[in-house]
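A.B. asks: This is the structure I want to talk about, given as structure tokens.
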Amino acid sequence: MQSVRYLTYLLFCLLLASCDYCNRYQQAHITIAIADSLDQNEHTLYPDTVALQQAIAALDNPLARIFAHNHLGKAHYYMGRHLSLAEQIPQAAEHYIAADRARIDDPIYRGRINSCLAHICKQNESDSLALIFFIRANEAFEDSGKDWYYAHTLLDVSEFHTNLHHFAEADSVLRIAQSYNLDDYFLARYYETKGLYFYELQQYDSALVYFKCGLALWHYEEDRLYTYKKLMQVYLDMGDQASALPYAQIIVEHSATPNELVNAYYCLMQDAKANNDIELLSRYAHARQDANRLLNAQVGKYRGALTLLKEHVVNPYPYRWVWITLLCLLVACLLLVIAIVLHRRYAARRLQVAHHQIEDLSISAQLSNIRATYPRPRKQWNDYNELKKDLEPQLHDWLSQLETYQLSNRENVFCTYMLLYPHASLEDLADWMHYSATGVSTFKRRIAQKIGIPTRDLQKHLQDLRQVPK
């Protein structure tokens, strides 16, 4: 009684646990649905990071990774976005990697996730790694059929091919991007990327043309700052300090990006040095040191994430071997169970056949003994009860099978004679049963009809009757 009470308590606890998980699972789906709606309709992030963490906790299990991988991947992606904004880059990278491993069905999300991973590499100036992720993003956006996303990542791919001096690849991708006519923002990026291409080729005149074409298309000043930096660098490389100076001054006045400030202060320092203005040179030098410290601090935030991303590229699914091993074990166990079942069936069939063979030999021996004892039927056997008394010990099972057809006693006698004396003619049977040959033939046909078989098969059917299992 006590064991029943414990079992009931255990089942009740399991029921409560399953109900609690179902509630958390359903709430996780609601959270991701709201986050999706805000992202797609209002272009804002779902603000409740605690709810996102709870969604990840509810979905981060082997079963949900298979059947709810879309929601799990999106939860990691949105959490990574929040951590990126909070400049917690290694933690953000972990969530982006988890989102990438979830393999969300929607290629737009796969493209975004790889773009975020590429951006982390870009900030750490790891161009080759960034290129890998931008190519992945570009392939995902191509699958989505969304030209805007696809065309922009073409520019990213071209830019990093250029940075790595893969000029043929960069030019090929730019030619594809040139076929898209989207908006001023895209066209400005295209000219900027084309300018970078010529800048790395040291074709400075062409680079200036494209940078200035892009500059005229930007709508906001913060978008122009990167182009200002590149124009400044082109003029400096051409030895035109005077033309570079205005761009450096604009950057110092409007930019908060350490990388741009470091480059701009370098230009201003060169100008102060040329004018022999020691005080201004010192001020610019200190400002450049401050910007350089900020730049190093910023790069340091990304450095920890870079190790994670390198490992992710080398081994994107580190626990896949566990799943493969478990699957192989499961398949092996299944095959073993099937083999055991088949072996048991085979052994049972062999045993049954052997039993039938032994039984056949036993019955054959019994029939031979009966024929030796009674070369012809006794006259008393025309009474089935008398026949049964004499033959019951040897033919008990066969007689029991025969009686299931519910034939008359005389019919049972006839069938027994056919079994015992298979070579007897109709005339012999007619003599033993005191019938005419024609009457015995009719008798035989009537028995076959009652059993439900052709008359010609009656002899074989009676012989096979002894093989029916008990």
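Letters for chains follow the order of the structure tokens (A, B, ...), residue numbers begin at 1 for each chain, and ligand numbers begin at 1 in the order shown.
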Enumerate the residues of segment 168-218 of chain A with a DSSP assignment of alpha helix (DSSP H), computed from the backbone, and present them as a ChimeraX atom specification.
C.D. replies: /A:168-178,184-200,204-215
A.B. asks: Can you tell me, as a ChimeraX atom specification, what residues are no more than 9 Å from Gln463 of chain A when counting only C-alpha atoms, ignoring any on the same chain fewer than 5 positions away?
C.D. replies: /A:418-419,458
A.B. asks: Export, as a CSV table (one decimal), in the first residue's frame, the selected residues with N, CA and C atoms.
C.D. replies:
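again_8.csv, written as the output of this step:
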chain,number,residue,atom,x,y,z
A,418,MET,N,-9.9,-44.1,-44.8
A,418,MET,CA,-9.1,-43.5,-45.8
A,418,MET,C,-7.7,-43.2,-45.3
A,419,LEU,N,-7.6,-42.8,-44.0
A,419,LEU,CA,-6.3,-42.4,-43.4
A,419,LEU,C,-5.5,-43.7,-43.2
A,458,LEU,N,-9.7,-34.9,-50.9
A,458,LEU,CA,-10.1,-35.4,-49.5
A,458,LEU,C,-9.0,-36.3,-48.9
A.B. asks: Would you pick out the contacts of segment 88-101 of chain A at 9 Å or less, using only C-alpha atoms, so that residues sharing its chain but fewer than 2 positions from it are not included, and give the list as a ChimeraX atom specification?
C.D. replies: /A:69-70,72-86,103-104,110,113-114,116-117,120,301-306,308-309,312,316-317
A.B. asks: Pick the closest to Ala118 of chain A from A:Asn263, A:Ala297, A:Asp48, A:Lys310: which is it, counting only C-alpha atoms?
C.D. replies: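 The answer is A:Lys310, which sits nearest to Ala118 of chain A.
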A.B. asks: Return the single residue from A:Leu129, A:Ile250, A:Leu245, A:Ile340 that is closest to Leu225 of chain A, with distances computed using only C-alpha atoms.
C.D. replies: A:Ile250
A.B. asks: Need the shell around Ile135 of chain A: protein/DNA/RNA residues with any atom at most 10 Å away, counting only C-alpha atoms. Skip same-chain ones fewer than 6 positions apart. Format as a PDB file with N, CA and C atoms, in the first residue's frame?
C.D. replies:
ATOM      1  N   GLY A 111      21.064  35.108 -42.606  1.00  0.00           N
ATOM      2  CA  GLY A 111      21.905  36.166 -43.162  1.00  0.00           C
ATOM      3  C   GLY A 111      22.242  37.226 -42.133  1.00  0.00           C
ATOM      4  N   ASN A 114      24.871  35.922 -39.573  1.00  0.00           N
ATOM      5  CA  ASN A 114      26.232  35.896 -40.123  1.00  0.00           C
ATOM      6  C   ASN A 114      26.765  37.307 -40.361  1.00  0.00           C
ATOM      7  N   SER A 115      25.879  38.254 -40.667  1.00  0.00           N
ATOM      8  CA  SER A 115      26.320  39.648 -40.799  1.00  0.00           C
ATOM      9  C   SER A 115      26.805  40.191 -39.460  1.00  0.00           C
ATOM     10  N   ALA A 118      30.152  38.755 -38.827  1.00  0.00           N
ATOM     11  CA  ALA A 118      31.137  39.426 -39.680  1.00  0.00           C
ATOM     12  C   ALA A 118      31.488  40.798 -39.122  1.00  0.00           C
ATOM     13  N   PHE A 141      21.031  35.472 -47.908  1.00  0.00           N
ATOM     14  CA  PHE A 141      20.149  36.506 -48.455  1.00  0.00           C
ATOM     15  C   PHE A 141      19.770  36.193 -49.906  1.00  0.00           C
ATOM     16  N   THR A 153      25.011  42.935 -49.158  1.00  0.00           N
ATOM     17  CA  THR A 153      26.102  42.031 -48.754  1.00  0.00           C
ATOM     18  C   THR A 153      27.066  41.747 -49.910  1.00  0.00           C
ATOM     19  N   LEU A 154      26.613  41.956 -51.146  1.00  0.00           N
ATOM     20  CA  LEU A 154      27.570  41.901 -52.257  1.00  0.00           C
ATOM     21  C   LEU A 154      28.658  42.954 -52.068  1.00  0.00           C
ATOM     22  N   ASP A 156      29.627  44.229 -49.204  1.00  0.00           N
ATOM     23  CA  ASP A 156      30.474  43.795 -48.078  1.00  0.00           C
ATOM     24  C   ASP A 156      31.503  42.773 -48.549  1.00  0.00           C
ATOM     25  N   VAL A 157      31.037  41.807 -49.332  1.00  0.00           N
ATOM     26  CA  VAL A 157      31.941  40.767 -49.827  1.00  0.00           C
ATOM     27  C   VAL A 157      33.035  41.387 -50.704  1.00  0.00           C
ATOM     28  N   SER A 158      32.644  42.306 -51.577  1.00  0.00           N
ATOM     29  CA  SER A 158      33.627  42.965 -52.446  1.00  0.00           C
ATOM     30  C   SER A 158      34.635  43.764 -51.626  1.00  0.00           C
ATOM     31  N   PHE A 160      35.732  43.281 -48.607  1.00  0.00           N
ATOM     32  CA  PHE A 160      36.730  42.492 -47.882  1.00  0.00           C
ATOM     33  C   PHE A 160      37.611  41.680 -48.818  1.00  0.00           C
TER      34      PHE A 160
END
A.B. asks: Measuring atom to atom with only C-alpha atoms, identify which of A:Arg456, A:Arg293, A:Arg349, A:Arg445 is nearest to Phe414 of chain A.
C.D. replies: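 Of the candidates, the smallest distance to Phe414 of chain A is held by A:Arg445.
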A.B. asks: Using only C-alpha atoms, which of the listed residues (A:Asn275, A:Thr373, A:Gln401, A:Asn163) sits closest to Leu196 of chain A?
C.D. replies: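 Closest to Leu196 of chain A of all the choices is A:Asn163.
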A.B. asks: Name the closest residue to Ile34 of chain A among the candidates A:Tyr46, A:Asn315, A:Ala248, A:Tyr265; distances are taken between atoms, counting only C-alpha atoms.
C.D. replies: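 Answer, going by the shortest atom-to-atom distance: A:Tyr46.
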A.B. asks: If I take atom CA of Glu192 of chain A and atom CA of Tyr228 of chain A, how far is one from the other in Å, to one decimal?
C.D. replies: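 Those two atoms sit 10.7 Å apart.
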A.B. asks: Grab the atom CA of Ile324 of chain A to atom CA of Leu59 of chain A distance for me, in Å with one decimal place.
C.D. replies: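 Atom CA of Leu59 of chain A lies at a distance of 21.1 Å from atom CA of Ile324 of chain A.
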